[in-house]
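Text of work06.txt, listed as compact mmCIF, C-alpha atoms:
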```
# COMPACT_ATOMS: atom_id res chain seq x y z
CA MET C 264 -6.38 29.09 -12.31
CA PRO C 265 -6.06 28.28 -8.59
CA ARG C 266 -3.23 29.84 -6.60
CA PHE C 267 -0.83 27.28 -5.16
CA THR C 268 1.30 28.04 -2.13
CA VAL C 269 4.05 25.63 -1.08
CA LEU C 270 5.53 26.66 2.27
CA ASP C 271 8.96 25.34 3.16
CA ASP C 272 8.70 25.30 6.94
CA THR C 273 11.96 23.31 7.08
CA ARG C 274 13.84 26.22 5.44
CA ARG C 275 16.04 23.61 3.81
CA HIS C 276 14.16 22.63 0.66
CA PRO C 277 13.37 25.72 -1.44
CA ASP C 278 14.05 23.83 -4.68
CA LEU C 279 11.61 21.08 -3.71
CA ALA C 280 8.97 23.67 -2.84
CA GLU C 281 9.35 25.20 -6.30
CA GLN C 282 9.24 21.76 -7.91
CA ILE C 283 6.01 20.83 -6.12
CA ALA C 284 4.42 24.16 -7.02
CA ALA C 285 5.26 23.55 -10.68
CA ILE C 286 3.76 20.05 -10.49
CA LEU C 287 0.59 21.43 -8.92
CA TYR C 288 0.09 23.87 -11.77
CA LYS C 289 0.68 21.04 -14.25
CA VAL C 290 -1.65 18.43 -12.72
CA ALA C 291 -4.50 20.67 -11.49
CA PRO C 292 -6.27 20.89 -14.87
CA LEU C 293 -5.92 17.13 -15.28
CA VAL C 294 -7.38 16.43 -11.83
CA GLU C 295 -10.34 18.64 -12.65
CA GLU C 296 -10.74 17.05 -16.08
CA LYS C 297 -10.83 13.50 -14.74
CA THR C 298 -12.88 14.08 -11.58
CA CYS C 299 -15.17 16.89 -12.79
CA LEU C 300 -14.49 18.46 -9.39
CA SER C 301 -13.12 21.97 -8.93
CA VAL C 302 -9.80 22.51 -7.25
CA PRO C 303 -10.15 25.27 -4.60
CA SER C 304 -9.09 28.77 -5.61
CA GLU C 305 -6.27 28.61 -3.05
CA VAL C 306 -4.35 25.43 -2.25
CA ARG C 307 -1.67 25.14 0.42
CA PHE C 308 1.08 22.52 0.75
CA ARG C 309 3.61 22.59 3.60
CA LEU C 310 7.03 20.97 3.84
CA LEU C 311 7.72 19.94 7.44
CA THR C 312 10.35 18.23 9.54
CA PRO C 313 9.29 14.87 11.00
CA LYS C 314 8.80 16.49 14.43
CA ALA C 315 6.68 19.31 13.02
CA TRP C 316 4.65 16.83 10.99
CA ARG C 317 3.89 14.78 14.11
CA LYS C 318 2.79 17.94 15.93
CA ALA C 319 0.57 19.08 13.05
CA GLU C 320 -1.03 15.64 12.78
CA GLY C 321 -1.78 15.65 16.53
CA GLU C 322 -3.30 19.12 16.36
CA TYR C 323 -5.47 18.05 13.44
CA ARG C 324 -6.91 15.12 15.38
CA GLN C 325 -7.54 17.31 18.41
CA HIS C 326 -9.31 19.80 16.15
CA ILE C 327 -11.62 17.12 14.77
CA LEU C 328 -12.44 15.86 18.27
CA ALA C 329 -13.12 19.40 19.51
CA ARG C 330 -15.48 19.95 16.59
CA ASP C 331 -17.32 16.72 17.38
CA ILE C 332 -17.64 17.68 21.04
CA ALA C 333 -18.96 21.15 20.17
CA ASP C 334 -21.58 19.79 17.77
CA PRO C 335 -24.98 20.00 19.53
CA GLU C 336 -26.44 17.43 17.16
CA LEU C 337 -24.15 14.73 18.58
CA SER C 338 -24.79 15.53 22.28
CA LEU C 339 -21.75 13.51 23.31
CA SER C 340 -21.49 12.23 26.85
CA PRO C 341 -18.21 12.10 28.84
CA GLU C 342 -18.37 8.30 28.52
CA GLN C 343 -18.36 8.59 24.71
CA ILE C 344 -15.56 11.13 24.62
CA ALA C 345 -13.19 9.43 27.08
CA PRO C 346 -12.21 6.46 24.87
CA ILE C 347 -11.37 8.79 21.99
CA ARG C 348 -9.19 10.97 24.21
CA LEU C 349 -7.43 7.85 25.50
CA GLY C 350 -6.93 6.58 21.98
CA LEU C 351 -5.36 9.87 20.93
CA LYS C 352 -2.95 9.69 23.87
CA ILE C 353 -1.99 6.11 23.08
CA THR C 354 -1.41 6.84 19.40
CA LYS C 355 0.41 10.12 20.06
CA PHE C 356 3.80 8.46 19.76
CA MET C 357 2.95 6.22 16.80
CA PRO C 358 3.93 8.82 14.17
CA VAL C 359 7.54 8.33 15.29
CA LEU C 360 7.29 4.90 13.69
CA VAL C 361 5.33 5.80 10.58
CA TRP C 362 6.71 9.13 9.37
CA PRO C 363 9.33 7.57 7.03
CA LEU C 364 6.45 5.82 5.24
CA VAL C 365 3.99 8.74 4.93
CA LEU C 366 4.11 10.37 1.51
CA GLY C 367 1.55 13.06 2.29
CA SER C 368 -1.48 13.82 4.42
CA THR C 369 -4.20 16.36 3.74
CA VAL C 370 -5.72 17.75 6.92
CA VAL C 371 -7.82 20.64 8.19
CA ALA C 372 -5.56 23.42 9.48
CA ALA C 373 -6.25 25.77 12.39
CA ASP C 374 -7.72 28.35 10.00
CA GLY C 375 -10.26 25.81 8.74
CA ARG C 376 -8.62 25.36 5.35
CA SER C 377 -7.38 22.09 3.90
CA GLU C 378 -3.63 21.78 3.63
CA THR C 379 -1.29 19.00 2.61
CA LEU C 380 1.60 18.09 4.89
CA LEU C 381 4.73 16.66 3.29
CA VAL C 382 7.97 15.55 4.94
CA PRO C 383 10.92 15.89 2.53
CA ARG C 384 12.92 13.32 4.50
CA ALA C 385 10.07 10.82 4.10
CA LEU C 386 9.85 11.57 0.37
CA ARG C 387 13.57 10.84 0.14
CA HIS C 388 13.29 7.60 2.14
CA CYS C 389 10.42 6.47 -0.11
CA GLY C 390 12.42 7.24 -3.24
CA LEU C 391 10.22 10.01 -4.63
CA LEU C 392 12.93 12.65 -4.82
CA ALA C 393 14.83 10.42 -7.23
CA HIS C 394 11.75 9.43 -9.27
CA GLU C 395 9.82 12.46 -10.50
CA PRO C 396 6.85 10.49 -11.92
CA SER C 397 6.17 9.16 -8.41
CA LEU C 398 6.25 12.70 -7.06
CA HIS C 399 3.67 13.65 -9.68
CA GLN C 400 1.53 10.73 -8.52
CA VAL C 401 1.62 11.76 -4.87
CA VAL C 402 0.96 15.44 -5.60
CA SER C 403 -2.00 14.51 -7.84
CA HIS C 404 -3.34 12.22 -5.11
CA GLU C 405 -3.19 14.89 -2.41
CA LEU C 406 -4.57 17.60 -4.68
CA THR C 407 -7.56 15.35 -5.29
CA HIS C 408 -8.21 15.45 -1.54
CA HIS C 409 -8.40 19.25 -1.74
CA ALA C 410 -11.00 18.95 -4.50
CA GLN C 411 -12.92 16.39 -2.44
CA ASP C 412 -12.91 18.63 0.63
CA ALA C 413 -14.21 21.54 -1.44
CA ALA C 414 -17.00 19.34 -2.83
CA CYS C 415 -17.96 18.13 0.68
CA GLY C 416 -18.31 21.68 1.99
CA ASP C 417 -18.84 21.99 5.74
CA ASN C 418 -20.26 18.50 6.23
CA ALA C 419 -18.48 17.29 9.38
CA ALA C 420 -19.51 13.68 8.70
CA TRP C 421 -16.50 13.26 6.42
CA LYS C 422 -14.01 13.93 9.22
CA THR C 423 -15.27 12.71 12.55
CA PHE C 424 -14.52 10.28 15.37
CA PHE C 425 -18.21 9.34 15.55
CA PRO C 426 -19.31 8.26 12.06
CA GLN C 427 -22.11 6.07 13.40
CA LEU C 428 -23.71 9.04 15.15
CA ARG C 429 -23.52 10.94 11.89
CA LYS C 430 -25.23 8.05 10.09
CA VAL C 431 -22.22 7.13 7.99
CA ALA C 432 -21.62 3.54 6.94
CA PRO C 433 -18.90 2.20 9.28
CA GLY C 434 -15.47 1.94 7.68
CA SER C 435 -16.58 3.17 4.27
CA ILE C 436 -15.17 6.70 4.25
CA SER C 437 -11.47 5.91 3.99
CA PRO C 438 -11.70 3.31 1.17
CA PHE C 439 -13.99 5.58 -0.85
CA VAL C 440 -11.99 8.78 -0.33
CA GLU C 441 -8.58 7.19 -0.81
CA GLY C 442 -9.80 4.95 -3.62
CA HIS C 443 -11.13 7.98 -5.48
CA ALA C 444 -7.81 9.81 -5.03
CA SER C 445 -5.88 6.71 -6.12
CA TRP C 446 -8.05 6.32 -9.20
CA THR C 447 -7.47 9.98 -10.02
CA ASP C 448 -3.70 9.85 -9.63
CA GLN C 449 -3.63 6.83 -11.95
CA GLN C 450 -5.69 8.70 -14.53
CA VAL C 451 -3.49 11.79 -14.29
CA THR C 452 -0.17 9.95 -14.49
CA THR C 453 -1.45 7.95 -17.46
CA LEU C 454 -2.10 11.23 -19.26
CA LEU C 455 1.38 12.48 -18.34
CA TYR C 456 3.44 9.33 -18.87
CA GLY C 457 1.36 7.04 -21.05
CA ALA C 458 0.81 4.52 -18.24
CA PRO C 459 -0.21 4.75 -14.58
CA VAL C 460 2.64 5.42 -12.16
CA ASN C 461 2.97 3.16 -9.12
CA HIS C 462 5.49 4.54 -6.64
CA THR C 463 5.46 1.33 -4.58
CA ARG C 464 6.98 -0.51 -7.55
CA GLN C 465 8.88 2.19 -9.38
CA ALA C 466 10.45 4.29 -6.62
CA ARG C 467 13.32 2.78 -4.66
CA ARG C 468 12.88 2.92 -0.87
CA SER C 469 15.78 3.43 1.50
CA LEU C 470 16.84 0.77 3.96
CA ARG C 471 15.22 2.75 6.79
CA ALA C 472 11.86 2.87 4.99
CA ARG C 473 12.04 -0.85 4.28
CA LEU C 474 12.84 -1.58 7.92
CA HIS C 475 10.00 0.62 9.21
CA LYS C 476 7.58 -1.11 6.86
CA ARG C 477 8.47 -4.43 8.47
CA ILE C 478 7.68 -3.28 12.02
CA PRO C 479 4.99 -5.66 13.39
CA GLY C 480 1.56 -4.04 13.32
CA ILE C 481 2.72 -0.99 11.33
CA ARG C 482 0.16 -1.65 8.59
CA ARG C 483 -2.70 -1.29 11.08
CA LEU C 484 -1.78 2.35 11.79
CA GLY C 485 -3.27 3.58 8.53
CA PRO C 486 -5.47 2.60 5.59
CA SER C 487 -4.34 -0.67 4.06
CA ALA C 488 -3.11 -0.94 0.50
CA ALA C 489 -6.00 -3.34 -0.11
CA ALA C 490 -8.50 -0.64 0.93
CA TYR C 491 -6.95 1.83 -1.52
CA GLN C 492 -7.06 -0.74 -4.31
CA GLN C 493 -10.62 -1.83 -3.63
CA GLY C 494 -11.79 1.78 -3.52
CA ALA C 495 -9.99 2.54 -6.77
CA ARG C 496 -11.58 -0.49 -8.46
CA PHE C 497 -15.00 0.62 -7.20
CA VAL C 498 -14.54 4.12 -8.63
CA ASP C 499 -13.15 2.80 -11.91
CA HIS C 500 -16.09 0.44 -12.40
CA THR C 501 -18.63 3.11 -11.56
CA VAL C 502 -17.07 5.76 -13.79
CA THR C 503 -16.68 3.28 -16.65
CA THR C 504 -20.31 2.14 -16.50
CA GLN C 505 -22.12 5.23 -15.20
CA GLY C 506 -19.84 8.23 -15.60
CA VAL C 507 -18.21 10.40 -12.97
CA GLU C 508 -21.42 12.22 -12.02
CA LEU C 509 -22.67 9.36 -9.84
CA ILE C 510 -19.45 9.32 -7.83
CA ASN C 511 -19.66 13.08 -7.36
CA ARG C 512 -23.15 12.85 -5.91
CA VAL C 513 -21.63 11.17 -2.86
CA TRP C 514 -19.64 14.26 -1.82
CA LYS C 515 -22.91 16.10 -1.27
CA ASP C 516 -24.75 13.27 0.50
CA THR C 517 -23.00 10.83 2.85
CA ALA C 518 -26.11 8.64 2.80
CA LEU C 519 -24.92 7.59 -0.65
CA LEU C 520 -21.59 6.31 0.65
CA PRO C 521 -21.13 2.67 -0.29
CA SER C 522 -21.01 0.16 2.51
CA MET C 523 -18.06 -2.21 2.79
CA SER C 524 -20.00 -4.94 1.00
CA GLU C 525 -21.06 -2.51 -1.75
CA LEU C 526 -17.43 -1.48 -2.28
CA ALA C 527 -16.79 -5.09 -3.23
CA GLU C 528 -19.96 -5.24 -5.36
CA PRO C 529 -20.33 -1.83 -7.03
CA ASP C 530 -23.31 -2.91 -9.14
CA THR C 531 -25.25 -3.44 -5.90
CA TRP C 532 -24.46 0.13 -4.88
CA ILE C 533 -25.38 1.46 -8.31
CA ALA C 534 -28.75 -0.28 -8.03
CA ARG C 535 -29.32 1.18 -4.54
CA THR C 536 -28.64 4.71 -5.67
CA GLY C 537 -31.44 4.40 -8.21
CA VAL C 538 -29.44 4.68 -11.44
```
Spell out the structure here as structure tokens.
Amino acid sequence: MPRFTVLDDTRRHPDLAEQIAAILYKVAPLVEEKTCLSVPSEVRFRLLTPKAWRKAEGEYRQHILARDIADPELSLSPEQIAPIRLGLKITKFMPVLVWPLVLGSTVVAADGRSETLLVPRALRHCGLLAHEPSLHQVVSHELTHHAQDAACGDNAAWKTFFPQLRKVAPGSISPFVEGHASWTDQQVTTLLYGAPVNHTRQARRSLRARLHKRIPGIRRLGPSAAAYQQGARFVDHTVTTQGVELINRVWKDTALLPSMSELAEPDTWIARTGV
């Protein structure tokens, strides 16, 4: 059984940390059962204040850029790096607008391990603290990202600012990764509750969360709900017709990632992969 550590960096939510740890132990076998992926032997979740979450997110992006720059296979020029640095500066203050809407984010920490960042205040604003099934959904979703990261190994192509240079189909990573995690959380919550849990419909958002969601352009700051849904439909169709093994081949070979058009037409992708 993996060891789960839930760190309460806020020092205000010890009960929530214990609750999330208990959920992790409950859903981990189900995530492994449905995905046929192994959850890492050690999994870390952190509870953060909004300010600490914004700082951690910024450090994560800087870490990914530094890794890209240091990669001799990319041979990046200053002209290629400059727009990314500018983009990071411009978006540095955007998390102030989005944190009440972010249920969780799984990133690479300074020690090279995956960790999930959660903001208890955001969970409250999104209604998850008052709706335990939704909390199970989000924890299952983020734990799936840990299993994905373990399956991908050290392949930097999965987290990069230069996917084209790493020969990755443009725009395909996020819908595939998030769609797979969404499919998994629906499978897990169906096992637990008899039907898939949908926090967007079942959890009651606060007025602040509803107001932030209506900020013009806010939806462009992260993956769209449509991308999650399309990715989940792609995974569901593939698993239903071919089994989970075909999906799991992708974690080892980014050349197998479906293109945006193949996400909409999974049978085309299945044919390309030679099944």
Closest of C:Arg464, C:Arg348, C:His404, C:Lys355 to Arg317 in chain C - atom-to-atom distances counting all atoms listed in the file
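Of all the options, C:Lys355 lies closest to Arg317 in chain C.
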Quick one: residues within 7 Å of range 373-382 of chain C, all atoms listed in the file counted, chain neighbours fewer than 5 positions away excluded, as a list of chain:residue names?
C:Val306, C:Arg307, C:Phe308, C:Arg309, C:Leu310, C:Leu311, C:Thr312, C:Pro313, C:Trp316, C:Leu366, C:Gly367, C:Ser368, C:Glu405, C:His409
Please report, as CSV, each residue of range 303-401 of chain C lying at most 12 Å from range 414-426 of chain C, together with the nearest pair of atoms and the separation in Å rounded to one decimal; use only C-alpha atoms, and order rows by chain and ascending residue number.
```
residue,atom,partner,partner_atom,distance
C:Pro303,CA,C:Ala414,CA,9.2
C:Tyr323,CA,C:Lys422,CA,10.4
C:Arg324,CA,C:Phe424,CA,9.0
C:Gln325,CA,C:Phe424,CA,10.4
C:His326,CA,C:Thr423,CA,9.9
C:Ile327,CA,C:Thr423,CA,6.1
C:Leu328,CA,C:Phe424,CA,6.6
C:Ala329,CA,C:Thr423,CA,9.9
C:Arg330,CA,C:Ala419,CA,8.2
C:Asp331,CA,C:Thr423,CA,6.6
C:Ile332,CA,C:Phe424,CA,9.8
C:Ala333,CA,C:Ala419,CA,11.5
C:Asp334,CA,C:Ala419,CA,9.3
C:Glu336,CA,C:Ala419,CA,11.1
C:Leu337,CA,C:Phe425,CA,8.6
C:Ser338,CA,C:Phe425,CA,11.3
C:Leu339,CA,C:Phe425,CA,9.5
C:Gln343,CA,C:Phe425,CA,9.2
C:Ile344,CA,C:Phe424,CA,9.3
C:Ala345,CA,C:Phe424,CA,11.8
C:Pro346,CA,C:Phe424,CA,10.5
C:Ile347,CA,C:Phe424,CA,7.5
C:Arg348,CA,C:Phe424,CA,10.3
C:Gly350,CA,C:Phe424,CA,10.7
C:Leu351,CA,C:Phe424,CA,10.7
C:Thr369,CA,C:Lys422,CA,11.5
C:Val370,CA,C:Lys422,CA,9.4
C:Val371,CA,C:Lys422,CA,9.2
C:Gly375,CA,C:Asp417,CA,9.9
C:Arg376,CA,C:Asp417,CA,10.8
C:Ser377,CA,C:Gly416,CA,11.1
```
For the residues in the current selection, export C-alpha atoms as a PDB file, in the frame of the given file.
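Ended up saving to selection23.pdb:
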```pdb
ATOM      1  CA  PRO C 303     -10.150  25.270  -4.600  1.00  0.00           C
ATOM      2  CA  TYR C 323      -5.470  18.050  13.440  1.00  0.00           C
ATOM      3  CA  ARG C 324      -6.910  15.120  15.380  1.00  0.00           C
ATOM      4  CA  GLN C 325      -7.540  17.310  18.410  1.00  0.00           C
ATOM      5  CA  HIS C 326      -9.310  19.800  16.150  1.00  0.00           C
ATOM      6  CA  ILE C 327     -11.620  17.120  14.770  1.00  0.00           C
ATOM      7  CA  LEU C 328     -12.440  15.860  18.270  1.00  0.00           C
ATOM      8  CA  ALA C 329     -13.120  19.400  19.510  1.00  0.00           C
ATOM      9  CA  ARG C 330     -15.480  19.950  16.590  1.00  0.00           C
ATOM     10  CA  ASP C 331     -17.320  16.720  17.380  1.00  0.00           C
ATOM     11  CA  ILE C 332     -17.640  17.680  21.040  1.00  0.00           C
ATOM     12  CA  ALA C 333     -18.960  21.150  20.170  1.00  0.00           C
ATOM     13  CA  ASP C 334     -21.580  19.790  17.770  1.00  0.00           C
ATOM     14  CA  GLU C 336     -26.440  17.430  17.160  1.00  0.00           C
ATOM     15  CA  LEU C 337     -24.150  14.730  18.580  1.00  0.00           C
ATOM     16  CA  SER C 338     -24.790  15.530  22.280  1.00  0.00           C
ATOM     17  CA  LEU C 339     -21.750  13.510  23.310  1.00  0.00           C
ATOM     18  CA  GLN C 343     -18.360   8.590  24.710  1.00  0.00           C
ATOM     19  CA  ILE C 344     -15.560  11.130  24.620  1.00  0.00           C
ATOM     20  CA  ALA C 345     -13.190   9.430  27.080  1.00  0.00           C
ATOM     21  CA  PRO C 346     -12.210   6.460  24.870  1.00  0.00           C
ATOM     22  CA  ILE C 347     -11.370   8.790  21.990  1.00  0.00           C
ATOM     23  CA  ARG C 348      -9.190  10.970  24.210  1.00  0.00           C
ATOM     24  CA  GLY C 350      -6.930   6.580  21.980  1.00  0.00           C
ATOM     25  CA  LEU C 351      -5.360   9.870  20.930  1.00  0.00           C
ATOM     26  CA  THR C 369      -4.200  16.360   3.740  1.00  0.00           C
ATOM     27  CA  VAL C 370      -5.720  17.750   6.920  1.00  0.00           C
ATOM     28  CA  VAL C 371      -7.820  20.640   8.190  1.00  0.00           C
ATOM     29  CA  GLY C 375     -10.260  25.810   8.740  1.00  0.00           C
ATOM     30  CA  ARG C 376      -8.620  25.360   5.350  1.00  0.00           C
ATOM     31  CA  SER C 377      -7.380  22.090   3.900  1.00  0.00           C
TER      32      SER C 377
END
```
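CA of Arg471 in chain C sits 20.1 Å away from CA of Val401 in chain C.
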Using only C-alpha atoms, which protein or nucleic acid residues come within 12 Å of Ile533 in chain C? Drop anything in the same chain fewer than 2 positions from it, and give the result as a PyMOL selection string.
chain C and resi 497-498+500-502+504-506+509-510+512-513+519-522+525-531+535-538
Output file for the residues above (C-alpha atoms, as a PDB file, keeping the file's coordinate frame):
```
ATOM      1  CA  PHE C 497     -15.000   0.620  -7.200  1.00  0.00           C
ATOM      2  CA  VAL C 498     -14.540   4.120  -8.630  1.00  0.00           C
ATOM      3  CA  HIS C 500     -16.090   0.440 -12.400  1.00  0.00           C
ATOM      4  CA  THR C 501     -18.630   3.110 -11.560  1.00  0.00           C
ATOM      5  CA  VAL C 502     -17.070   5.760 -13.790  1.00  0.00           C
ATOM      6  CA  THR C 504     -20.310   2.140 -16.500  1.00  0.00           C
ATOM      7  CA  GLN C 505     -22.120   5.230 -15.200  1.00  0.00           C
ATOM      8  CA  GLY C 506     -19.840   8.230 -15.600  1.00  0.00           C
ATOM      9  CA  LEU C 509     -22.670   9.360  -9.840  1.00  0.00           C
ATOM     10  CA  ILE C 510     -19.450   9.320  -7.830  1.00  0.00           C
ATOM     11  CA  ARG C 512     -23.150  12.850  -5.910  1.00  0.00           C
ATOM     12  CA  VAL C 513     -21.630  11.170  -2.860  1.00  0.00           C
ATOM     13  CA  LEU C 519     -24.920   7.590  -0.650  1.00  0.00           C
ATOM     14  CA  LEU C 520     -21.590   6.310   0.650  1.00  0.00           C
ATOM     15  CA  PRO C 521     -21.130   2.670  -0.290  1.00  0.00           C
ATOM     16  CA  SER C 522     -21.010   0.160   2.510  1.00  0.00           C
ATOM     17  CA  GLU C 525     -21.060  -2.510  -1.750  1.00  0.00           C
ATOM     18  CA  LEU C 526     -17.430  -1.480  -2.280  1.00  0.00           C
ATOM     19  CA  ALA C 527     -16.790  -5.090  -3.230  1.00  0.00           C
ATOM     20  CA  GLU C 528     -19.960  -5.240  -5.360  1.00  0.00           C
ATOM     21  CA  PRO C 529     -20.330  -1.830  -7.030  1.00  0.00           C
ATOM     22  CA  ASP C 530     -23.310  -2.910  -9.140  1.00  0.00           C
ATOM     23  CA  THR C 531     -25.250  -3.440  -5.900  1.00  0.00           C
ATOM     24  CA  ARG C 535     -29.320   1.180  -4.540  1.00  0.00           C
ATOM     25  CA  THR C 536     -28.640   4.710  -5.670  1.00  0.00           C
ATOM     26  CA  GLY C 537     -31.440   4.400  -8.210  1.00  0.00           C
ATOM     27  CA  VAL C 538     -29.440   4.680 -11.440  1.00  0.00           C
TER      28      VAL C 538
END
```
Could you tell me how far CA of Val431 in chain C lies from CA of Ser524 in chain C, in Å and to one decimal?
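It comes out at 14.1 Å.
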Edge lengths and centre in Å, axis-aligned, range 402-412 of chain C plus 5 Å each side, as lines of an AutoDock Vina configuration file:
```
center_x = -6.0
center_y = 15.7
center_z = -3.6
size_x = 23.9
size_y = 17.0
size_z = 18.5
```
Need to verify the contact set: Thr298 in chain C, 10 Å, only C-alpha atoms, exclusion of same-chain residues closer than 5 positions in sequence. Can you return it as a ChimeraX atom specification?
/C:293,407,410-411,443-444,446-447,450,502,506-508,510-511
Env of range 265-267 of chain C: 10 Å cut, atoms = only C-alpha atoms, seq-sep filter 3 positions within chain, self excluded. Answer as a list of chain:residue names.
C:Leu270, C:Ile283, C:Ala284, C:Ala285, C:Leu287, C:Tyr288, C:Ala291, C:Pro292, C:Ser301, C:Val302, C:Pro303, C:Ser304, C:Glu305, C:Val306, C:Arg307, C:Phe308
From the options C:Arg477, C:Lys515, C:His394, C:Arg384, which residue's atoms come nearest to Thr463 in chain C, counting only C-alpha atoms?
C:His394
Here CA of Leu406 in chain C and CA of Gly434 in chain C stand apart by 22.7 Å
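With distances restricted to only C-alpha atoms, C:Ile436 is the closest residue to Tyr491 in chain C from C:Ile436, C:Asp516, C:Val460, C:Ser469.
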Quick one: everything within 12 Å of Gln449 in chain C, counting all atoms listed in the file, minus sequence neighbours fewer than 3 positions away in the same chain. Send it as a PyMOL selection string.
chain C and resi 290+293-294+297-298+396-397+399-404+407+442-446+452-462+492+495-496+498-499
Select, from C:Pro277, C:Leu386, C:Ala488, C:Met264, the residue with the minimum atom-to-atom distance to Lys289 in chain C, counting all atoms listed in the file.
C:Met264
